[in-house]
file run27.txt (compact mmCIF, C-alpha atoms)
# COMPACT_ATOMS: atom_id res chain seq x y z
CA MET A 23 -93.13 -161.97 -61.30
CA LYS A 24 -92.11 -159.25 -58.86
CA SER A 25 -92.84 -155.60 -58.25
CA TRP A 26 -90.32 -152.89 -57.46
CA GLN A 27 -91.09 -149.65 -55.70
CA CYS A 28 -89.34 -146.30 -56.06
CA VAL A 29 -88.07 -145.27 -52.62
CA VAL A 30 -88.73 -141.61 -53.33
CA CYS A 31 -92.14 -141.28 -54.97
CA GLY A 32 -93.77 -144.67 -54.46
CA PHE A 33 -94.03 -145.52 -58.17
CA ILE A 34 -94.33 -149.29 -58.62
CA TYR A 35 -92.83 -151.20 -61.51
CA ASP A 36 -94.77 -154.43 -61.94
CA GLU A 37 -92.86 -156.96 -64.06
CA ALA A 38 -96.11 -158.63 -65.15
CA LYS A 39 -97.44 -155.38 -66.63
CA GLY A 40 -94.19 -153.82 -67.85
CA LEU A 41 -94.38 -150.24 -69.11
CA PRO A 42 -95.59 -150.62 -72.70
CA GLU A 43 -95.90 -146.82 -73.15
CA ASP A 44 -92.18 -146.60 -72.24
CA GLY A 45 -91.18 -149.38 -74.62
CA ILE A 46 -90.85 -151.99 -71.86
CA ALA A 47 -92.96 -155.02 -72.75
CA ALA A 48 -95.20 -156.81 -70.24
CA GLY A 49 -93.25 -159.56 -68.51
CA THR A 50 -89.90 -157.72 -68.66
CA ARG A 51 -87.83 -158.71 -65.62
CA TRP A 52 -86.32 -155.99 -63.48
CA GLN A 53 -82.78 -157.16 -64.27
CA GLU A 54 -83.47 -156.83 -68.02
CA ILE A 55 -84.22 -153.12 -67.71
CA PRO A 56 -81.19 -150.98 -68.63
CA ALA A 57 -79.13 -149.59 -65.75
CA ASP A 58 -79.63 -146.02 -66.98
CA TRP A 59 -83.41 -146.33 -66.78
CA SER A 60 -85.03 -144.09 -64.17
CA CYS A 61 -88.38 -143.77 -62.43
CA PRO A 62 -90.89 -142.32 -64.92
CA ASP A 63 -92.59 -140.29 -62.16
CA CYS A 64 -89.66 -138.72 -60.33
CA GLY A 65 -86.41 -139.63 -62.08
CA VAL A 66 -84.83 -141.72 -59.32
CA ALA A 67 -82.12 -144.01 -60.73
CA LYS A 68 -82.80 -147.72 -61.18
CA ALA A 69 -80.14 -148.50 -58.57
CA ASP A 70 -82.12 -146.56 -55.96
CA PHE A 71 -85.35 -148.52 -56.37
CA GLU A 72 -86.15 -151.22 -53.86
CA MET A 73 -88.08 -154.45 -54.15
CA ALA A 74 -91.60 -153.81 -52.91
CA GLU A 75 -93.33 -157.16 -52.98
CA VAL A 76 -93.26 -160.55 -54.57
CA VAL A 77 -96.32 -161.41 -56.62
CA ALA A 78 -97.06 -165.05 -57.31
CA ALA A 79 -96.24 -165.91 -60.93
CA MET B 16 -57.52 -131.20 -48.95
CA LYS B 17 -60.71 -129.47 -47.84
CA PRO B 18 -63.98 -131.42 -48.08
CA ILE B 19 -67.01 -130.91 -50.27
CA VAL B 20 -69.66 -129.53 -47.92
CA ILE B 21 -73.38 -129.99 -48.57
CA VAL B 22 -75.81 -127.91 -46.54
CA GLY B 23 -79.17 -129.68 -46.37
CA SER B 24 -80.14 -133.33 -46.05
CA GLY B 25 -83.37 -133.33 -48.03
CA LEU B 26 -83.73 -135.09 -51.37
CA ALA B 27 -81.50 -132.50 -53.05
CA GLY B 28 -78.63 -132.70 -50.58
CA TYR B 29 -78.59 -136.45 -50.19
CA THR B 30 -79.10 -137.12 -53.90
CA VAL B 31 -76.06 -135.00 -54.78
CA ALA B 32 -74.09 -136.93 -52.16
CA ARG B 33 -75.22 -140.29 -53.53
CA GLU B 34 -74.55 -139.35 -57.14
CA LEU B 35 -71.14 -137.97 -56.19
CA ARG B 36 -70.22 -141.22 -54.45
CA LYS B 37 -71.04 -143.13 -57.64
CA LEU B 38 -68.29 -141.11 -59.34
CA ASP B 39 -65.88 -140.35 -56.51
CA ALA B 40 -65.59 -142.60 -53.47
CA ALA B 41 -62.68 -140.79 -51.85
CA THR B 42 -63.09 -137.01 -51.58
CA ALA B 43 -64.01 -135.99 -48.03
CA LEU B 44 -67.69 -135.14 -47.77
CA VAL B 45 -69.59 -133.31 -45.03
CA VAL B 46 -73.39 -133.00 -44.89
CA VAL B 47 -74.71 -130.34 -42.51
CA SER B 48 -78.41 -130.48 -41.66
CA ARG B 49 -80.57 -128.51 -39.29
CA ASP B 50 -82.95 -131.46 -38.86
CA GLU B 51 -82.26 -135.03 -37.76
CA ALA B 52 -80.83 -135.82 -41.20
CA SER B 53 -82.67 -139.03 -41.85
CA PHE B 54 -83.25 -139.85 -45.52
CA TYR B 55 -86.95 -139.95 -46.31
CA SER B 56 -89.35 -139.77 -49.17
CA LYS B 57 -90.78 -136.28 -49.23
CA PRO B 58 -93.51 -136.93 -51.84
CA MET B 59 -94.96 -139.56 -49.53
CA LEU B 60 -95.72 -137.03 -46.79
CA SER B 61 -98.95 -136.07 -48.50
CA ASN B 62 -100.16 -139.60 -49.20
CA ALA B 63 -98.76 -141.74 -46.40
CA LEU B 64 -101.88 -141.85 -44.25
CA GLY B 65 -103.85 -143.98 -46.71
CA ALA B 66 -100.79 -146.16 -47.24
CA GLY B 67 -100.70 -146.72 -43.47
CA ARG B 68 -97.20 -145.33 -43.07
CA SER B 69 -96.04 -143.48 -39.96
CA ALA B 70 -93.31 -140.86 -39.98
CA ALA B 71 -90.84 -143.52 -38.85
CA GLN B 72 -91.86 -145.78 -41.74
CA ILE B 73 -91.32 -143.01 -44.31
CA ALA B 74 -87.71 -142.64 -43.21
CA ASN B 75 -85.49 -145.01 -45.17
CA ALA B 76 -82.25 -144.42 -43.27
CA THR B 77 -81.02 -142.60 -40.17
CA ALA B 78 -78.26 -139.99 -40.18
CA ALA B 79 -75.79 -142.61 -38.94
CA GLN B 80 -76.78 -145.03 -41.71
CA MET B 81 -76.46 -142.29 -44.30
CA ALA B 82 -73.02 -141.33 -42.96
CA GLU B 83 -71.88 -144.91 -43.40
CA GLN B 84 -73.52 -145.37 -46.82
CA LEU B 85 -72.03 -142.15 -48.14
CA ASN B 86 -68.69 -142.36 -46.37
CA ALA B 87 -69.46 -138.86 -45.14
CA ARG B 88 -69.52 -136.85 -41.95
CA VAL B 89 -73.19 -136.06 -41.29
CA LEU B 90 -73.83 -133.23 -38.82
CA ALA B 91 -77.48 -133.49 -37.76
CA SER B 92 -79.39 -130.79 -35.84
CA THR B 93 -76.73 -128.31 -36.89
CA GLU B 94 -77.77 -124.91 -38.18
CA VAL B 95 -75.40 -123.07 -40.49
CA GLN B 96 -75.08 -119.51 -39.19
CA ALA B 97 -72.90 -117.95 -41.85
CA ILE B 98 -71.03 -118.58 -45.06
CA ASP B 99 -67.72 -116.86 -45.74
CA THR B 100 -67.34 -117.23 -49.48
CA ASP B 101 -63.97 -115.46 -49.60
CA GLY B 102 -62.47 -117.72 -46.94
CA HIS B 103 -64.35 -120.82 -48.19
CA VAL B 104 -65.67 -121.48 -44.70
CA VAL B 105 -69.08 -122.38 -43.32
CA HIS B 106 -69.82 -121.49 -39.67
CA ALA B 107 -72.09 -123.98 -37.97
CA ALA B 108 -72.67 -124.63 -34.27
CA GLY B 109 -69.41 -123.09 -33.17
CA GLU B 110 -67.36 -124.92 -35.78
CA ALA B 111 -65.66 -123.39 -38.79
CA ILE B 112 -65.83 -125.92 -41.61
CA GLY B 113 -63.59 -125.17 -44.53
CA TYR B 114 -64.80 -126.26 -47.97
CA ALA B 115 -63.27 -126.85 -51.35
CA LYS B 116 -66.75 -126.76 -52.87
CA LEU B 117 -70.02 -125.86 -51.17
CA VAL B 118 -73.47 -127.15 -52.18
CA LEU B 119 -76.54 -125.33 -50.92
CA ALA B 120 -79.58 -127.59 -50.77
CA LEU B 121 -81.46 -125.47 -48.25
CA GLY B 122 -84.99 -126.23 -49.37
CA ALA B 123 -87.98 -123.94 -49.02
CA ASP B 124 -90.18 -122.66 -46.23
CA PRO B 125 -93.92 -123.15 -46.32
CA ILE B 126 -95.66 -119.81 -46.78
CA SER B 127 -97.82 -118.88 -43.83
CA LEU B 128 -100.45 -116.19 -44.01
CA PRO B 129 -100.92 -113.83 -41.09
CA MET B 130 -104.06 -114.79 -39.22
CA ALA B 131 -105.98 -113.48 -36.23
CA GLY B 132 -107.33 -115.56 -33.36
CA ASP B 133 -105.98 -117.17 -30.20
CA ALA B 134 -105.21 -120.44 -32.01
CA ALA B 135 -103.47 -118.96 -35.08
CA GLY B 136 -100.23 -120.45 -33.74
CA GLU B 137 -101.70 -123.94 -33.89
CA VAL B 138 -101.96 -124.01 -37.67
CA LEU B 139 -99.75 -126.90 -38.81
CA GLN B 140 -97.55 -127.22 -41.86
CA VAL B 141 -96.02 -130.36 -43.29
CA ASN B 142 -92.82 -129.67 -45.19
CA ASP B 143 -90.51 -132.22 -43.62
CA LEU B 144 -90.57 -135.44 -41.69
CA ALA B 145 -90.75 -133.77 -38.28
CA GLY B 146 -93.70 -131.67 -39.44
CA TYR B 147 -95.39 -134.83 -40.65
CA ALA B 148 -94.85 -136.54 -37.30
CA ARG B 149 -96.42 -133.53 -35.53
CA PHE B 150 -99.36 -133.59 -37.92
CA ARG B 151 -99.97 -137.32 -37.43
CA ALA B 152 -99.88 -136.88 -33.66
CA ALA B 153 -102.34 -133.98 -33.90
CA ILE B 154 -104.95 -135.85 -35.98
CA GLU B 155 -104.71 -139.04 -33.93
CA GLY B 156 -108.19 -139.78 -32.60
CA LYS B 157 -109.59 -136.65 -34.27
CA ARG B 158 -112.20 -136.39 -37.03
CA ARG B 159 -112.11 -133.00 -38.73
CA VAL B 160 -109.32 -131.26 -40.64
CA ALA B 161 -109.48 -127.81 -42.21
CA LEU B 162 -107.00 -127.44 -45.05
CA LEU B 163 -105.75 -124.07 -46.25
CA GLY B 164 -104.86 -124.36 -49.92
CA ALA B 165 -106.27 -126.40 -52.80
CA GLY B 166 -103.06 -126.68 -54.79
CA LEU B 167 -101.08 -129.82 -55.45
CA ILE B 168 -100.14 -130.58 -51.83
CA GLY B 169 -103.51 -129.44 -50.48
CA CYS B 170 -105.40 -131.73 -52.89
CA GLU B 171 -103.13 -134.69 -52.08
CA PHE B 172 -103.71 -134.20 -48.36
CA ALA B 173 -107.47 -133.75 -48.93
CA ASN B 174 -107.63 -137.04 -50.81
CA ASP B 175 -105.46 -138.87 -48.29
CA LEU B 176 -107.39 -137.60 -45.25
CA ALA B 177 -110.88 -138.03 -46.74
CA ALA B 178 -110.08 -141.58 -47.87
CA ALA B 179 -108.95 -142.35 -44.31
CA GLY B 180 -112.31 -141.22 -42.96
CA TYR B 181 -111.58 -137.63 -41.91
CA GLY B 182 -114.01 -134.81 -42.51
CA VAL B 183 -112.07 -132.41 -44.74
CA GLU B 184 -112.87 -128.76 -45.49
CA VAL B 185 -110.61 -127.00 -47.99
CA ILE B 186 -110.29 -123.22 -48.23
CA ASP B 187 -108.74 -121.49 -51.25
CA PRO B 188 -109.14 -118.08 -52.88
CA ALA B 189 -109.22 -119.67 -56.36
CA PRO B 190 -112.52 -120.79 -57.90
CA ARG B 191 -111.45 -124.45 -58.12
CA PRO B 192 -108.69 -126.86 -57.03
CA LEU B 193 -105.33 -126.96 -58.81
CA GLY B 194 -106.34 -123.67 -60.37
CA ARG B 195 -102.81 -122.67 -61.31
CA LEU B 196 -101.97 -126.04 -62.84
CA LEU B 197 -105.00 -127.41 -64.64
CA PRO B 198 -107.43 -125.96 -67.16
CA GLU B 199 -110.98 -125.61 -65.86
CA VAL B 200 -112.50 -128.82 -67.26
CA ALA B 201 -109.68 -130.92 -65.81
CA ALA B 202 -109.78 -129.17 -62.44
CA GLU B 203 -113.53 -129.72 -62.20
CA ARG B 204 -112.98 -133.48 -62.47
CA VAL B 205 -110.66 -133.38 -59.49
CA ARG B 206 -113.14 -131.20 -57.60
CA THR B 207 -116.10 -133.55 -58.10
CA ALA B 208 -114.05 -136.69 -57.44
CA LEU B 209 -112.79 -135.35 -54.11
CA GLU B 210 -116.29 -134.09 -53.33
CA SER B 211 -117.67 -137.59 -53.71
CA LEU B 212 -115.06 -138.71 -51.16
CA GLY B 213 -116.65 -136.21 -48.77
CA VAL B 214 -114.31 -133.22 -49.20
CA ARG B 215 -116.08 -129.88 -48.75
CA TRP B 216 -114.73 -126.88 -50.62
CA HIS B 217 -114.75 -123.19 -49.70
CA PHE B 218 -113.55 -121.41 -52.83
CA GLY B 219 -113.17 -117.71 -53.44
CA THR B 220 -112.27 -116.98 -49.85
CA THR B 221 -109.46 -117.22 -47.31
CA ALA B 222 -109.15 -118.06 -43.63
CA SER B 223 -108.89 -114.87 -41.58
CA ALA B 224 -108.83 -116.24 -38.02
CA VAL B 225 -108.36 -119.46 -36.09
CA ALA B 226 -109.67 -119.47 -32.53
CA ARG B 227 -110.28 -122.00 -29.79
CA ALA B 228 -113.83 -123.26 -29.65
CA PRO B 229 -115.61 -125.52 -27.13
CA SER B 230 -115.04 -128.55 -29.34
CA GLY B 231 -111.78 -127.87 -31.15
CA LEU B 232 -110.93 -124.94 -33.38
CA ARG B 233 -113.06 -122.42 -35.18
CA VAL B 234 -111.80 -121.14 -38.54
CA THR B 235 -113.37 -117.85 -39.60
CA LEU B 236 -113.42 -117.20 -43.34
CA ALA B 237 -113.17 -113.85 -45.08
CA ASN B 238 -116.63 -114.47 -46.57
CA GLY B 239 -118.16 -114.49 -43.09
CA GLN B 240 -118.63 -118.25 -42.80
CA ALA B 241 -117.01 -120.34 -40.08
CA ILE B 242 -115.75 -123.93 -39.98
CA GLU B 243 -115.28 -126.14 -36.96
CA ALA B 244 -112.22 -128.36 -37.09
CA ASP B 245 -109.92 -130.31 -34.79
CA VAL B 246 -106.77 -129.57 -36.78
CA VAL B 247 -105.90 -126.85 -39.29
CA LEU B 248 -103.26 -127.66 -41.89
CA SER B 249 -101.79 -125.00 -44.16
CA ALA B 250 -100.51 -125.98 -47.62
CA ILE B 251 -100.45 -122.79 -49.62
CA GLY B 252 -97.05 -122.91 -51.20
CA LEU B 253 -93.32 -122.69 -50.69
CA ARG B 254 -90.77 -119.91 -50.61
CA PRO B 255 -87.09 -120.72 -51.32
CA ARG B 256 -84.83 -120.34 -48.29
CA THR B 257 -82.51 -117.51 -49.24
CA GLU B 258 -81.82 -115.66 -45.98
CA LEU B 259 -78.45 -117.31 -45.31
CA THR B 260 -77.21 -116.64 -48.83
CA ARG B 261 -78.46 -113.05 -48.85
CA ARG B 262 -76.37 -112.41 -45.73
CA ALA B 263 -73.40 -114.08 -47.41
CA GLY B 264 -73.74 -111.66 -50.32
CA LEU B 265 -74.82 -114.18 -52.95
CA GLU B 266 -77.16 -113.04 -55.70
CA VAL B 267 -80.76 -113.92 -54.91
CA ALA B 268 -84.00 -113.29 -56.78
CA ARG B 269 -86.95 -115.59 -56.04
CA GLY B 270 -84.39 -118.27 -55.23
CA ILE B 271 -80.61 -118.47 -55.03
CA LEU B 272 -79.53 -117.57 -58.56
CA THR B 273 -77.47 -120.12 -60.43
CA ASP B 274 -76.24 -120.61 -63.94
CA ARG B 275 -76.63 -123.81 -65.95
CA HIS B 276 -73.79 -125.37 -64.01
CA LEU B 277 -75.77 -124.70 -60.81
CA GLN B 278 -73.03 -122.31 -59.77
CA THR B 279 -74.12 -119.32 -57.69
CA SER B 280 -72.61 -115.84 -57.93
CA ALA B 281 -69.81 -117.00 -55.60
CA ALA B 282 -66.90 -119.16 -56.74
CA ASP B 283 -67.11 -122.84 -55.73
CA VAL B 284 -70.64 -122.40 -54.31
CA TYR B 285 -73.50 -124.29 -55.96
CA ALA B 286 -77.23 -124.52 -55.28
CA LEU B 287 -80.02 -126.90 -56.31
CA GLY B 288 -83.47 -128.03 -55.31
CA ASP B 289 -86.26 -125.96 -53.78
CA CYS B 290 -83.90 -123.10 -52.77
CA ALA B 291 -82.42 -122.55 -56.23
CA GLU B 292 -83.43 -120.46 -59.20
CA VAL B 293 -81.76 -122.13 -62.14
CA GLU B 294 -81.68 -119.92 -65.23
CA GLY B 295 -84.92 -118.33 -64.04
CA HIS B 296 -86.66 -121.57 -63.05
CA VAL B 297 -87.77 -122.28 -59.49
CA LEU B 298 -89.06 -125.85 -59.63
CA PRO B 299 -89.87 -127.38 -56.23
CA PHE B 300 -90.35 -130.92 -57.54
CA VAL B 301 -88.44 -134.18 -57.39
CA MET B 302 -87.65 -134.64 -61.08
CA PRO B 303 -85.63 -131.41 -61.46
CA ILE B 304 -83.68 -132.35 -58.32
CA MET B 305 -82.64 -135.66 -59.88
CA HIS B 306 -81.44 -133.99 -63.08
CA ALA B 307 -79.65 -131.24 -61.17
CA ALA B 308 -78.03 -133.65 -58.73
CA ARG B 309 -76.61 -135.83 -61.51
CA ALA B 310 -75.15 -132.87 -63.37
CA LEU B 311 -73.75 -131.30 -60.21
CA ALA B 312 -72.19 -134.57 -59.05
CA LYS B 313 -70.23 -134.70 -62.31
CA THR B 314 -69.12 -131.10 -61.86
CA LEU B 315 -68.03 -131.79 -58.28
CA ALA B 316 -66.14 -134.87 -59.45
CA GLY B 317 -64.13 -132.75 -61.86
CA THR B 318 -66.12 -132.75 -65.12
CA PRO B 319 -68.01 -129.45 -65.44
CA THR B 320 -71.51 -130.42 -66.58
CA ALA B 321 -74.44 -128.17 -67.42
CA VAL B 322 -77.86 -129.27 -66.24
CA THR B 323 -80.50 -130.05 -68.82
CA TYR B 324 -84.17 -130.20 -67.89
CA PRO B 325 -86.37 -132.18 -70.23
CA ALA B 326 -90.13 -131.66 -70.01
CA MET B 327 -90.91 -132.86 -66.49
CA PRO B 328 -94.54 -133.79 -65.90
CA VAL B 329 -95.70 -133.41 -62.30
CA VAL B 330 -97.85 -136.22 -60.93
CA VAL B 331 -100.70 -135.17 -58.63
CA LYS B 332 -101.25 -138.12 -56.29
CA THR B 333 -105.01 -137.93 -55.88
CA PRO B 334 -106.11 -141.56 -56.31
CA ALA B 335 -109.78 -140.49 -56.43
CA MET B 336 -108.92 -138.72 -59.70
CA PRO B 337 -105.26 -138.89 -60.64
CA ALA B 338 -103.82 -135.96 -62.55
CA VAL B 339 -100.60 -135.13 -64.36
CA VAL B 340 -99.49 -131.73 -65.52
CA CYS B 341 -96.61 -130.68 -67.69
CA PRO B 342 -96.78 -126.90 -67.28
CA PRO B 343 -96.36 -124.97 -70.53
CA PRO B 344 -93.73 -122.20 -70.58
CA ALA B 345 -95.09 -118.73 -69.87
CA GLY B 346 -96.56 -117.18 -72.98
CA PRO B 347 -99.84 -116.91 -74.83
CA GLY B 348 -101.65 -120.02 -75.96
CA THR B 349 -104.83 -122.03 -75.59
CA TRP B 350 -105.80 -125.30 -73.99
CA ARG B 351 -107.26 -127.83 -76.42
CA VAL B 352 -109.38 -130.13 -74.34
CA VAL B 353 -110.69 -133.60 -75.18
CA SER B 354 -112.76 -135.19 -72.46
CA ASP B 355 -114.87 -138.28 -71.99
CA ASP B 356 -116.32 -140.11 -68.98
CA ALA B 357 -112.98 -141.68 -68.10
CA GLY B 358 -110.78 -138.61 -68.18
CA VAL B 359 -109.56 -135.38 -69.69
CA GLU B 360 -106.65 -134.72 -72.03
CA ALA B 361 -105.73 -131.06 -72.39
CA LEU B 362 -102.95 -129.93 -74.71
CA TYR B 363 -101.55 -126.43 -74.53
CA GLU B 364 -101.04 -124.94 -77.97
CA ASP B 365 -98.86 -121.85 -78.25
CA GLU B 366 -99.31 -119.12 -80.85
CA ALA B 367 -97.10 -120.91 -83.34
CA GLY B 368 -99.38 -123.94 -83.13
CA ARG B 369 -96.93 -126.06 -81.15
CA ILE B 370 -98.01 -128.21 -78.21
CA SER B 371 -95.87 -126.95 -75.34
CA GLY B 372 -97.58 -128.42 -72.28
CA PHE B 373 -100.33 -130.78 -71.22
CA ALA B 374 -102.66 -131.74 -68.42
CA LEU B 375 -104.17 -135.18 -67.98
CA VAL B 376 -106.85 -136.36 -65.60
CA GLY B 377 -108.18 -139.85 -64.91
CA ALA B 378 -107.60 -142.58 -67.50
CA ALA B 379 -105.82 -140.09 -69.78
CA CYS B 380 -102.85 -140.12 -67.33
CA ALA B 381 -101.66 -143.25 -69.16
CA ARG B 382 -100.56 -140.94 -72.01
CA LYS B 383 -98.09 -139.11 -69.78
CA ASN B 384 -94.83 -140.66 -70.98
CA ALA B 385 -95.75 -140.62 -74.65
CA LEU B 386 -96.73 -136.94 -74.50
CA ALA B 387 -93.76 -135.92 -72.35
CA LYS B 388 -91.34 -137.15 -75.03
CA ALA B 389 -92.86 -134.75 -77.54
CA MET B 390 -92.64 -131.67 -75.32
CA PRO B 391 -89.95 -129.01 -75.63
CA PRO B 392 -87.29 -129.15 -72.88
CA VAL B 393 -87.43 -126.69 -69.98
CA ILE B 394 -83.66 -126.13 -70.26
CA GLY B 395 -82.33 -127.82 -73.39
call {"tool": "encode", "arguments": {"input": "run27.txt", "output": "structure tokens"}}
result
Amino acid sequence: MKSWQCVVCGFIYDEAKGLPEDGIAAGTRWQEIPADWSCPDCGVAKADFEMAEVVAA
Amino acid sequence: MKPIVIVGSGLAGYTVARELRKLDAATALVVVSRDEASFYSKPMLSNALGAGRSAAQIANATAAQMAEQLNARVLASTEVQAIDTDGHVVHAAGEAIGYAKLVLALGADPISLPMAGDAAGEVLQVNDLAGYARFRAAIEGKRRVALLGAGLIGCEFANDLAAAGYGVEVIDPAPRPLGRLLPEVAAERVRTALESLGVRWHFGTTASAVARAPSGLRVTLANGQAIEADVVLSAIGLRPRTELTRRAGLEVARGILTDRHLQTSAADVYALGDCAEVEGHVLPFVMPIMHAARALAKTLAGTPTAVTYPAMPVVVKTPAMPAVVCPPPAGPGTWRVVSDDAGVEALYEDEAGRISGFALVGAACARKNALAKAMPPVIG
């Protein structure tokens, strides 16, 4: 499982946790998230996120 | 074919450029910036200390890298002196740059209050990467920071500095932090949480003078008290940069006036971000920039597109007591507050009984996305 960080606001998407309140189940891989999804904190497009860290599965 | 010219290389300017390139790889593009034109994360400026990031680490790309990425000409350290809207020309550093379409992403200036004292000129402001670098250099090896302003940016800096071991004193004329954003119960949570980090508050007063003292600076308050500090940082708000456009004859109110297509009063001239007043809204936050940039990129690429603003909650990055606020539209109403030990949820109910805004503190912040979906749009 990996984490991805928004380059603009620092929001971190953690695959292990998902975003259940956004309809993204825990364990959802980054590549499974739709391309039109955007950062819930600042609206940056998915394509503009960057990989922040790799967390051991 | 004349280029599309973007004035400003902040989030607004560069995001328009990026979004445009997703739709149109070919049209000539020029970005003119008065600073060094690196692409950086502005929201991180007020919480980078705790994250251990220097100014250089906040920058994601240099001007040269951005020029390559965007297939654009990027003119750094270049001030625009005048805009000739009739001739479709921008005058910058001795060059006349013709434009087919012009995008103004000029940003905002930090407001500075007039102050007495022989060190009034040493009050720092952090509104861009260079300002952040100066601030980091100033606090290096120092212990005490006096902060003017207990709003969103002031509270983020207070949290960041106090968590990093600095003695922080915050001065604000309001009775509590985030006074214009949060209802009282919610604001009090932020106040006590930052207090337990060591932040000392001076509410109901303002700084009237900053003078040199034997061991640093002495800030005199309007209430007669005085604070000793090594560095004074001012974070009391922003004012849209409108001077250039006023001189060019564009319509300006609080910000550069635009319609829903982000078009100013001049043909082929658009504005967005902290400098713009879009249908009456001046919103110096990241989320509106993203929505505006996407709509404007479509317009620039040939498909006129009106901007829509959904409800856009603003995240206050105070890890000691996180907060989120979705400001209700102006108009009468009441806050309905539910609080427990873990947090506060406040819902703003207008006279018709509709929930039109909310404020969340602590654990309640988890409800942000669910609540935001139920809020009325800012511009539907």
call {"tool": "interface_residues", "arguments": {"input": "run27.txt", "of": "chain B", "to": "chain A", "cutoff": "8 Å", "atoms": "all atoms listed in the file", "output": "PyMOL selection string"}}
result
chain B and resi 55-59+75+301-302+305-306+328-330+381-382+384-385
call {"tool": "residues_around", "arguments": {"input": "run27.txt", "residues": "Gln27 in chain A", "least_positions_apart": "4", "cutoff": "7 Å", "atoms": "all atoms listed in the file", "output": "list in words"}}
result
Gly32, Phe33, Ile34, Tyr35, Phe71, Glu72, Met73 and Ala74 of chain A
call {"tool": "axis_aligned_box", "arguments": {"input": "run27.txt", "around": "range 290-307 of chain B", "padding_each_side": "6 Å", "output": "lines of an AutoDock Vina configuration file"}}
result
center_x = -85.0
center_y = -127.0
center_z = -59.0
size_x = 22.7
size_y = 29.3
size_z = 24.5
call {"tool": "closest_residue", "arguments": {"input": "run27.txt", "among": "B:Pro325, B:Pro125, B:Pro347, B:Val104", "to": "Lys388 in chain B", "atoms": "only C-alpha atoms"}}
result
B:Pro325
call {"tool": "closest_residue", "arguments": {"input": "run27.txt", "among": "B:Thr42, B:Thr260, B:Asn142, B:Ser354", "to": "Val22 in chain B", "atoms": "all atoms listed in the file"}}
result
B:Thr260
call {"tool": "residues_around", "arguments": {"input": "run27.txt", "residues": "His106 in chain B", "least_positions_apart": "2", "cutoff": "6 Å", "atoms": "all atoms listed in the file", "output": "compact mmCIF listing (two decimals) with C-alpha atoms, in the frame of the given file"}}
result
# COMPACT_ATOMS: atom_id res chain seq x y z
CA VAL B 95 -75.40 -123.07 -40.49
CA GLN B 96 -75.08 -119.51 -39.19
CA ALA B 97 -72.90 -117.95 -41.85
CA GLU B 110 -67.36 -124.92 -35.78
CA ALA B 111 -65.66 -123.39 -38.79
call {"tool": "atom_distance", "arguments": {"input": "run27.txt", "atom1": "CA of Glu364 in chain B", "atom2": "CA of Gly395 in chain B"}}
result
19.5 Å
call {"tool": "residues_around", "arguments": {"input": "run27.txt", "residues": "Ser48 in chain B", "least_positions_apart": "4", "cutoff": "6 Å", "atoms": "all atoms listed in the file", "output": "PyMOL selection string"}}
result
chain B and resi 23-24+52+91-93
call {"tool": "closest_residue", "arguments": {"input": "run27.txt", "among": "A:Asp36, A:Ile46, A:Ser25, A:Gln53", "to": "Lys68 in chain A", "atoms": "only C-alpha atoms"}}
result
A:Gln53
call {"tool": "atom_distance", "arguments": {"input": "run27.txt", "atom1": "CA of Ala286 in chain B", "atom2": "CA of Thr273 in chain B"}}
result
6.8 Å
call {"tool": "closest_residue", "arguments": {"input": "run27.txt", "among": "B:Leu197, B:Cys290, B:Ala282, B:Ala378", "to": "Thr100 in chain B", "atoms": "all atoms listed in the file"}}
result
B:Ala282
call {"tool": "atom_distance", "arguments": {"input": "run27.txt", "atom1": "CA of Val89 in chain B", "atom2": "CA of Leu287 in chain B"}}
result
18.9 Å
call {"tool": "closest_residue", "arguments": {"input": "run27.txt", "among": "B:Gly109, B:Leu212, B:Gly264, B:Arg309", "to": "Asp58 in chain A", "atoms": "all atoms listed in the file"}}
result
B:Arg309
call {"tool": "residues_around", "arguments": {"input": "run27.txt", "residues": "range 213-217 of chain B", "least_positions_apart": "5", "cutoff": "10 Å", "atoms": "all atoms listed in the file", "output": "PyMOL selection string"}}
result
chain B and resi 161-165+170+173-174+176-178+180-192+206-208+222+236+238+240+242
call {"tool": "residues_around", "arguments": {"input": "run27.txt", "residues": "Ala48 in chain A", "least_positions_apart": "6", "cutoff": "8 Å", "atoms": "all atoms listed in the file", "output": "list in words"}}
result
Glu37, Ala38, Lys39, Gly40, Leu41 and Pro42 of chain A
call {"tool": "closest_residue", "arguments": {"input": "run27.txt", "among": "B:Ala179, B:Met327, B:Val20, B:Ala134", "to": "Gly231 in chain B", "atoms": "all atoms listed in the file"}}
result
B:Ala134
